[in-house]
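K.L.:
Compact mmCIF, C-alpha atoms, file target_12.txt:
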# COMPACT_ATOMS: atom_id res chain seq x y z
CA ASN A 312 128.19 182.45 30.94
CA ILE A 313 125.32 182.23 33.43
CA THR A 314 122.69 183.16 30.86
CA PHE A 315 123.84 180.42 28.47
CA VAL A 316 123.81 177.84 31.28
CA MET A 317 120.26 178.93 32.15
CA LEU A 318 119.31 178.54 28.49
CA ILE A 319 120.59 174.96 28.43
CA LEU A 320 118.76 174.11 31.66
CA VAL A 321 115.50 175.49 30.27
CA ILE A 322 115.84 173.42 27.12
CA ARG A 323 116.37 170.17 29.05
CA MET A 324 113.12 170.32 30.98
CA ALA A 325 110.11 172.59 30.78
CA LYS A 326 109.49 174.33 34.10
CA LEU A 327 107.61 177.29 35.49
CA TYR A 328 110.09 179.86 36.77
CA PHE A 329 109.43 182.94 38.88
CA PHE A 330 112.07 185.65 39.07
CA TYR A 331 110.96 188.22 41.63
CA GLY A 332 112.45 191.37 43.01
CA ALA A 333 111.73 194.95 44.01
CA MET A 334 111.54 197.65 41.38
CA ASN A 335 114.80 198.70 39.72
CA SER A 336 116.28 195.23 40.10
CA GLY A 337 116.69 194.62 36.36
CA LYS A 338 113.88 192.13 35.73
CA THR A 339 112.87 193.54 32.33
CA THR A 340 116.49 193.79 31.23
CA ARG A 341 116.85 190.07 31.92
CA ILE A 342 113.81 189.32 29.77
CA LEU A 343 115.29 191.27 26.87
CA GLN A 344 118.62 189.45 27.24
CA CYS A 345 116.97 186.04 27.43
CA ASN A 346 114.83 186.78 24.37
CA TYR A 347 117.90 187.91 22.45
CA ASN A 348 119.76 184.71 23.36
CA TYR A 349 116.91 182.57 22.07
CA GLU A 350 116.62 184.52 18.82
CA GLU A 351 120.38 184.28 18.32
CA GLN A 352 120.08 180.48 18.49
CA GLY A 353 117.25 180.47 15.95
CA MET A 354 114.67 179.64 18.61
CA ARG A 355 111.29 181.28 19.17
CA ALA A 356 110.53 183.06 22.40
CA ILE A 357 107.37 185.10 22.88
CA ILE A 358 107.08 187.98 25.31
CA MET A 359 103.81 188.74 27.08
CA LYS A 360 102.66 191.09 29.79
CA PRO A 361 99.30 191.75 31.46
CA ALA A 362 97.36 194.62 29.88
CA THR A 363 97.09 196.06 33.42
CA ASP A 364 100.65 197.29 32.96
CA THR A 365 100.11 200.35 30.79
CA LYS A 366 103.67 201.61 31.10
CA GLY A 367 105.08 201.64 27.59
CA ASN A 368 101.66 200.65 26.22
CA ASP A 369 102.42 197.53 24.15
CA LYS A 370 106.13 197.58 24.95
CA ILE A 371 108.24 196.39 27.85
CA VAL A 372 110.51 199.14 29.09
CA SER A 373 113.70 198.56 31.07
CA ARG A 374 115.25 201.02 33.48
CA ILE A 375 118.31 201.37 31.26
CA GLY A 376 116.15 202.51 28.36
CA ALA A 377 115.92 199.31 26.28
CA THR A 378 112.46 198.54 24.94
CA ARG A 379 110.72 195.87 22.89
CA LYS A 380 107.18 195.45 21.66
CA VAL A 381 105.49 192.52 23.37
CA ASP A 382 104.03 189.71 21.33
CA TYR A 383 100.80 189.79 23.32
CA LEU A 384 98.99 191.84 25.98
CA ILE A 385 97.15 189.52 28.36
CA LYS A 386 93.64 190.62 29.27
CA LYS A 387 92.46 190.00 32.82
CA ASP A 388 89.91 187.35 31.80
CA GLU A 389 92.13 185.76 29.12
CA ASN A 390 92.81 182.03 29.10
CA ILE A 391 96.54 181.88 28.33
CA PHE A 392 96.51 178.14 27.67
CA ASP A 393 93.83 178.51 25.00
CA LEU A 394 95.66 181.49 23.55
CA ILE A 395 98.86 179.52 23.02
CA ILE A 396 96.98 176.57 21.54
CA ASN A 397 94.86 178.64 19.15
CA GLU A 398 97.06 181.58 18.18
CA TYR A 399 100.65 180.35 18.22
CA GLY A 400 102.46 177.53 16.50
CA HIS A 401 105.76 176.21 17.74
CA VAL A 402 107.08 178.12 20.76
CA ASP A 403 110.36 177.41 22.55
CA LEU A 404 109.89 179.75 25.51
CA ILE A 405 107.26 182.05 27.01
CA LEU A 406 108.48 185.14 28.87
CA VAL A 407 106.00 187.05 31.07
CA ASP A 408 106.82 190.51 32.39
CA GLU A 409 104.93 192.14 35.30
CA ALA A 410 103.60 188.71 36.28
CA GLN A 411 102.26 190.03 39.58
CA PHE A 412 99.27 191.34 37.60
CA LEU A 413 98.23 187.88 36.44
CA THR A 414 95.23 186.27 38.07
CA THR A 415 95.55 183.08 40.09
CA ARG A 416 93.83 181.16 37.30
CA GLN A 417 96.22 182.52 34.68
CA VAL A 418 99.21 181.32 36.70
CA ASN A 419 97.55 177.91 36.89
CA GLN A 420 97.16 178.02 33.10
CA LEU A 421 100.88 178.73 32.73
CA MET A 422 101.60 175.62 34.78
CA ASP A 423 99.32 173.63 32.47
CA ILE A 424 101.27 174.99 29.48
CA VAL A 425 104.50 173.74 31.05
CA ILE A 426 103.10 170.30 31.78
CA ASP A 427 100.85 169.65 28.78
CA LEU A 428 102.70 171.55 26.03
CA ASP A 429 106.24 171.10 27.38
CA ILE A 430 106.99 174.81 26.95
CA PRO A 431 109.11 176.50 29.64
CA VAL A 432 107.61 179.66 31.11
CA MET A 433 109.70 182.34 32.79
CA CYS A 434 107.77 184.92 34.82
CA TYR A 435 109.23 188.13 36.17
CA GLY A 436 107.52 190.43 38.65
CA LEU A 437 107.10 192.05 42.02
CA ARG A 438 106.34 190.15 45.17
CA THR A 439 104.45 192.90 47.03
CA ASP A 440 102.74 196.23 46.41
CA PHE A 441 103.53 199.60 48.02
CA LYS A 442 101.68 198.62 51.19
CA GLY A 443 103.63 195.40 51.62
CA ASN A 444 100.68 193.25 50.51
CA ASP A 445 101.18 190.39 48.08
CA PHE A 446 99.72 190.31 44.58
CA PRO A 447 97.51 187.37 43.52
CA GLY A 448 99.79 186.43 40.62
CA SER A 449 102.94 186.55 42.72
CA ARG A 450 101.29 184.65 45.55
CA ARG A 451 100.36 181.79 43.22
CA LEU A 452 103.74 181.76 41.50
CA LEU A 453 105.52 181.58 44.84
CA ALA A 454 103.28 178.64 45.72
CA ILE A 455 103.60 176.49 42.57
CA ALA A 456 106.58 177.56 40.45
CA HIS A 457 109.23 174.87 39.98
CA GLU A 458 112.01 177.35 40.60
CA LEU A 459 112.09 180.67 42.47
CA THR A 460 114.88 183.20 42.04
CA GLU A 461 115.17 186.51 43.84
CA ILE A 462 116.68 189.32 41.76
CA LYS A 463 118.38 191.60 44.23
CA THR A 464 118.79 195.34 44.35
CA ILE A 465 119.86 197.71 47.12
CA CYS A 466 118.20 200.24 49.38
CA GLU A 467 119.63 203.74 49.77
CA CYS A 468 121.09 202.58 53.10
CA GLY A 469 123.09 199.84 51.37
CA LYS A 470 121.02 196.87 52.56
CA LYS A 471 119.04 194.56 50.29
CA ALA A 472 115.85 196.24 49.09
CA MET A 473 112.74 194.10 49.43
CA PHE A 474 109.90 196.62 49.29
CA ASN A 475 108.49 199.26 46.95
CA VAL A 476 107.66 202.73 48.24
CA ARG A 477 105.13 204.80 46.29
CA LEU A 478 105.77 208.51 45.90
CA VAL A 479 103.09 210.97 44.77
CA ASN A 480 104.47 214.39 43.90
CA GLY A 481 107.68 213.24 45.57
CA LYS A 482 106.03 212.43 48.90
CA VAL A 483 105.60 208.95 50.38
CA ALA A 484 102.07 207.62 49.87
CA THR A 485 100.55 204.97 52.12
CA GLU A 486 96.96 205.12 50.85
CA GLY A 487 95.45 204.35 47.47
CA GLU A 488 94.75 201.55 45.04
CA SER A 489 97.16 198.64 44.86
CA VAL A 490 97.90 199.29 41.19
CA ALA A 491 99.28 202.66 40.11
CA ILE A 492 101.76 202.50 37.24
CA ASP A 493 105.19 204.07 37.67
CA GLY A 494 105.50 207.31 35.74
CA GLU A 495 101.78 207.84 35.18
CA GLY A 496 100.42 211.05 36.65
CA GLU A 497 102.55 212.07 39.62
CA VAL A 498 103.32 208.52 40.71
CA THR A 499 106.88 207.24 41.03
CA TYR A 500 108.47 204.51 43.14
CA THR A 501 111.62 203.88 45.07
CA VAL A 502 112.82 200.75 46.83
CA ALA A 503 113.66 200.09 50.46
CA CYS A 504 114.88 197.45 52.89
CA SER A 505 112.45 196.36 55.59
CA LYS A 506 113.73 198.87 58.14
CA CYS A 507 113.68 201.84 55.73
CA PHE A 508 110.27 200.78 54.41
CA ARG A 509 108.84 200.92 57.92
CA MET A 510 110.54 204.24 58.58
CA LYS A 511 109.34 205.84 55.33
CA THR A 512 105.76 204.59 55.59
CA LYS A 513 105.61 205.17 59.36
CA LYS A 514 103.73 201.89 59.81
CA LYS A 515 104.71 198.78 61.67
CA PHE A 516 104.28 195.48 59.88
CA ASP A 517 101.72 194.36 62.48
CA HIS A 518 99.23 196.90 61.18
CA PRO A 519 95.57 196.43 60.22
CA GLU A 520 96.18 197.78 56.70
CA ILE A 521 98.61 194.95 55.95
CA THR A 522 96.04 192.53 54.58
CA TYR A 523 95.78 189.61 52.21
CA GLU A 524 92.60 190.51 50.41
CA HIS A 525 93.54 191.34 46.79
CA GLU A 526 91.28 188.50 45.69
Would you write out, as structure tokens, the structure that this file holds?

P.N.:
Amino acid sequence: NITFVMLILVIRMAKLYFFYGAMNSGKTTRILQCNYNYEEQGMRAIIMKPATDTKGNDKIVSRIGATRKVDYLIKKDENIFDLIINEYGHVDLILVDEAQFLTTRQVNQLMDIVIDLDIPVMCYGLRTDFKGNDFPGSRRLLAIAHELTEIKTICECGKKAMFNVRLVNGKVATEGESVAIDGEGEVTYTVACSKCFRMKTKKKFDHPEITYEHE
């Protein structure tokens, strides 16, 4: 049982983990399964997500329809280290959904939690937005997390999907704010491999709009 093995490894040594993948890759489903495994063993896991993610309001919502109310919505200026110290007692695991919406400082605070409080932290999120730009939270997690795991899904062509394509009223959108929540208004997303992403967005990767200026 891979999940049980992962559970044992987490218990042995606190680490900061980043599980990343395109949309529809099952990240939230994994959080729900991991939380269930901890609860089944009589251990306490807490689930958090940035308040930026308004999908489901105070719940995490998986593609297969499973939901769970989060233990805490993280505000953009929140100090997560102080939150854990002041508001929570014993915690065996912290699970963070939509971790791409964390700030760089908040990811640093998660690392401090791992080191100073000896609590493992497992973050799940996207690597890039619909333009192919990285998110600040993901960028920092990719830089400092102890372990990185890609959660794979497939493009409509059958290749590995790496990118997220925004659709507005069913049409591919290449302009707009970095953050637009799936299912709100007329916004939806699909996933694509690198070749299909370039074909759908009609933009080469060496393009002036591919920037690194989220922060």

K.L.:
Please provide as a list in words all residues within 9 Å of Leu421 of chain A, with the sequence filter that same-chain residues fewer than 3 positions apart are discarded (counting all atoms listed in the file).

P.N.:
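Skipping anything fewer than 3 positions along the chain leaves Leu327, Ile391, Phe392, Arg416, Gln417, Val418, Ile424, Val425, Ile426 and Val432 of chain A.
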
K.L.:
Would you save the residues from that selection as a PDB file, keeping the file's coordinate frame, using C-alpha atoms?

P.N.:
ATOM      1  CA  LEU A 327     107.610 177.290  35.490  1.00  0.00           C
ATOM      2  CA  ILE A 391      96.540 181.880  28.330  1.00  0.00           C
ATOM      3  CA  PHE A 392      96.510 178.140  27.670  1.00  0.00           C
ATOM      4  CA  ARG A 416      93.830 181.160  37.300  1.00  0.00           C
ATOM      5  CA  GLN A 417      96.220 182.520  34.680  1.00  0.00           C
ATOM      6  CA  VAL A 418      99.210 181.320  36.700  1.00  0.00           C
ATOM      7  CA  ILE A 424     101.270 174.990  29.480  1.00  0.00           C
ATOM      8  CA  VAL A 425     104.500 173.740  31.050  1.00  0.00           C
ATOM      9  CA  ILE A 426     103.100 170.300  31.780  1.00  0.00           C
ATOM     10  CA  VAL A 432     107.610 179.660  31.110  1.00  0.00           C
TER      11      VAL A 432
END

K.L.:
How many Å separate atom CA of Asn390 of chain A from atom CA of Thr363 of chain A?

P.N.:
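That distance, rounded to one decimal, is 15.3 Å.
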
K.L.:
Using all atoms listed in the file, find each residue of segment 415-470 of chain A with at least one atom at most 10 Å away from an atom of segment 508-512 of chain A; report its shortest atom-to-atom pair and that distance in Å (one decimal), sort the rows by chain and rising residue number, and return the result as JSON lines.

P.N.:
{"residue": "A:Phe441", "atom": "CA", "partner": "A:Thr512", "partner_atom": "CA", "distance": 9.3}
{"residue": "A:Lys442", "atom": "CA", "partner": "A:Thr512", "partner_atom": "CA", "distance": 8.5}
{"residue": "A:Gly443", "atom": "CA", "partner": "A:Phe508", "partner_atom": "CA", "distance": 9.0}
{"residue": "A:Cys466", "atom": "CA", "partner": "A:Phe508", "partner_atom": "CA", "distance": 9.4}

K.L.:
Just how far from atom CA of Ala333 of chain A is atom CA of Asp369 of chain A, in Å to one decimal?

P.N.:
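Straight-line distance from atom CA of Asp369 of chain A to atom CA of Ala333 of chain A works out to 22.1 Å.
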
K.L.:
Report, in Å to a single decimal, how far apart atom CA of Gly469 of chain A and atom CA of Thr501 of chain A are.

P.N.:
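Separation of atom CA of Thr501 of chain A and atom CA of Gly469 of chain A: 13.7 Å.
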
K.L.:
Counting all atoms listed in the file, what is within 10 Å of Asp440 of chain A, bar same-chain residues fewer than 6 positions away, as a ChimeraX atom specification?

P.N.:
/A:333,411,446,474-477,488-491

K.L.:
Neighbouring residues of Glu497 of chain A were defined as those with any atom within 8 Å, considering only C-alpha atoms; residues of the same chain fewer than 3 positions away were excluded. Please report them as a list of chain:residue names.

P.N.:
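The residues satisfying every condition are A:Leu478, A:Val479, A:Asn480, A:Gly481, A:Gly494.
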
K.L.:
Using only C-alpha atoms, tabulate the residues of segment 321-362 of chain A lying at most 10 Å from any atom of segment 448-452 of chain A, each with its closest atom pair and that distance in Å to one decimal, by chain and increasing residue number, as a Markdown table.

P.N.:
| residue | atom | partner | partner_atom | distance |
| --- | --- | --- | --- | --- |
| A:Leu327 | CA | A:Leu452 | CA | 8.4 |
| A:Tyr328 | CA | A:Leu452 | CA | 8.1 |
| A:Phe329 | CA | A:Leu452 | CA | 6.4 |
| A:Phe330 | CA | A:Leu452 | CA | 9.5 |
| A:Tyr331 | CA | A:Ser449 | CA | 8.3 |

K.L.:
Show which residues sit within 8 Å of segment 379-384 of chain A, as a PyMOL selection string. Count only C-alpha atoms, and ignore same-chain residues fewer than 2 positions away.

P.N.:
chain A and resi 343+357-362+369-372+377+386

K.L.:
Measuring atom to atom with all atoms listed in the file, identify which of A:Arg374, A:Glu486, A:Leu413, A:Asn348 is nearest to Asn335 of chain A.

P.N.:
A:Arg374

K.L.:
Would you mind telling me which residue in A:Met334, A:Val502, A:Leu404, A:Ala410 lies nearest to Ile385 of chain A when using all atoms listed in the file?

P.N.:
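Looking at the shortest contact to Ile385 of chain A, the residue is A:Ala410.
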
K.L.:
Which of these, A:Lys482, A:Lys515, A:Lys470, A:Lys338, has the shortest distance to Ala503 of chain A once you count all atoms listed in the file?

P.N.:
A:Lys470

K.L.:
Once 3 Å is added on each side, what are the centre and the three edge lengths, in Å to one decimal, of the axis-aligned box enclosing the listed atoms of segment 407-423 of chain A? Present them as JSON.

P.N.:
{"center_x": 100.3, "center_y": 182.9, "center_z": 35.6, "size_x": 19.0, "size_y": 24.5, "size_z": 15.0}

K.L.:
Restricting the calculation to all atoms listed in the file, which member of A:Glu409, A:Asp427, A:Asp388, A:Glu398 is positioned closest to Ile342 of chain A?

P.N.:
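Result for the nearest residue to Ile342 of chain A: A:Glu409.
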
K.L.:
Any chance you could build segment 435-452 of chain A out to N, CA and C atoms and write it as a PDB file, keeping the file's coordinate frame?

P.N.:
ATOM      1  N   TYR A 435     108.461 187.122  35.451  1.00  0.00           N
ATOM      2  CA  TYR A 435     109.230 188.130  36.170  1.00  0.00           C
ATOM      3  C   TYR A 435     108.247 189.130  36.784  1.00  0.00           C
ATOM      4  N   GLY A 436     108.445 189.475  38.052  1.00  0.00           N
ATOM      5  CA  GLY A 436     107.520 190.430  38.650  1.00  0.00           C
ATOM      6  C   GLY A 436     107.852 190.802  40.081  1.00  0.00           C
ATOM      7  N   LEU A 437     106.993 191.612  40.636  1.00  0.00           N
ATOM      8  CA  LEU A 437     107.100 192.050  42.020  1.00  0.00           C
ATOM      9  C   LEU A 437     106.487 191.016  42.949  1.00  0.00           C
ATOM     10  N   ARG A 438     106.935 191.017  44.164  1.00  0.00           N
ATOM     11  CA  ARG A 438     106.340 190.150  45.170  1.00  0.00           C
ATOM     12  C   ARG A 438     105.217 190.868  45.915  1.00  0.00           C
ATOM     13  N   THR A 439     105.427 192.156  46.236  1.00  0.00           N
ATOM     14  CA  THR A 439     104.450 192.900  47.030  1.00  0.00           C
ATOM     15  C   THR A 439     104.187 194.288  46.448  1.00  0.00           C
ATOM     16  N   ASP A 440     103.068 194.879  46.853  1.00  0.00           N
ATOM     17  CA  ASP A 440     102.740 196.230  46.410  1.00  0.00           C
ATOM     18  C   ASP A 440     103.329 197.257  47.382  1.00  0.00           C
ATOM     19  N   PHE A 441     102.921 198.523  47.220  1.00  0.00           N
ATOM     20  CA  PHE A 441     103.530 199.600  48.020  1.00  0.00           C
ATOM     21  C   PHE A 441     103.098 199.574  49.477  1.00  0.00           C
ATOM     22  N   LYS A 442     102.091 198.767  49.798  1.00  0.00           N
ATOM     23  CA  LYS A 442     101.680 198.620  51.190  1.00  0.00           C
ATOM     24  C   LYS A 442     102.305 197.394  51.858  1.00  0.00           C
ATOM     25  N   GLY A 443     103.052 196.632  51.083  1.00  0.00           N
ATOM     26  CA  GLY A 443     103.630 195.400  51.620  1.00  0.00           C
ATOM     27  C   GLY A 443     102.723 194.209  51.471  1.00  0.00           C
ATOM     28  N   ASN A 444     101.601 194.364  50.753  1.00  0.00           N
ATOM     29  CA  ASN A 444     100.680 193.250  50.510  1.00  0.00           C
ATOM     30  C   ASN A 444     101.103 192.476  49.265  1.00  0.00           C
ATOM     31  N   ASP A 445     100.824 191.185  49.260  1.00  0.00           N
ATOM     32  CA  ASP A 445     101.180 190.390  48.080  1.00  0.00           C
ATOM     33  C   ASP A 445     100.155 190.582  46.968  1.00  0.00           C
ATOM     34  N   PHE A 446     100.598 190.314  45.744  1.00  0.00           N
ATOM     35  CA  PHE A 446      99.720 190.310  44.580  1.00  0.00           C
ATOM     36  C   PHE A 446      99.222 188.887  44.338  1.00  0.00           C
ATOM     37  N   PRO A 447      98.028 188.720  43.786  1.00  0.00           N
ATOM     38  CA  PRO A 447      97.510 187.370  43.520  1.00  0.00           C
ATOM     39  C   PRO A 447      98.428 186.553  42.608  1.00  0.00           C
ATOM     40  N   GLY A 448      98.921 187.165  41.534  1.00  0.00           N
ATOM     41  CA  GLY A 448      99.790 186.430  40.620  1.00  0.00           C
ATOM     42  C   GLY A 448     101.078 185.988  41.281  1.00  0.00           C
ATOM     43  N   SER A 449     101.691 186.885  42.031  1.00  0.00           N
ATOM     44  CA  SER A 449     102.940 186.550  42.720  1.00  0.00           C
ATOM     45  C   SER A 449     102.712 185.490  43.789  1.00  0.00           C
ATOM     46  N   ARG A 450     101.597 185.623  44.494  1.00  0.00           N
ATOM     47  CA  ARG A 450     101.290 184.650  45.550  1.00  0.00           C
ATOM     48  C   ARG A 450     101.206 183.239  44.968  1.00  0.00           C
ATOM     49  N   ARG A 451     100.518 183.116  43.828  1.00  0.00           N
ATOM     50  CA  ARG A 451     100.360 181.790  43.220  1.00  0.00           C
ATOM     51  C   ARG A 451     101.676 181.288  42.641  1.00  0.00           C
ATOM     52  N   LEU A 452     102.435 182.168  42.040  1.00  0.00           N
ATOM     53  CA  LEU A 452     103.740 181.760  41.500  1.00  0.00           C
ATOM     54  C   LEU A 452     104.673 181.295  42.611  1.00  0.00           C
TER      55      LEU A 452
END
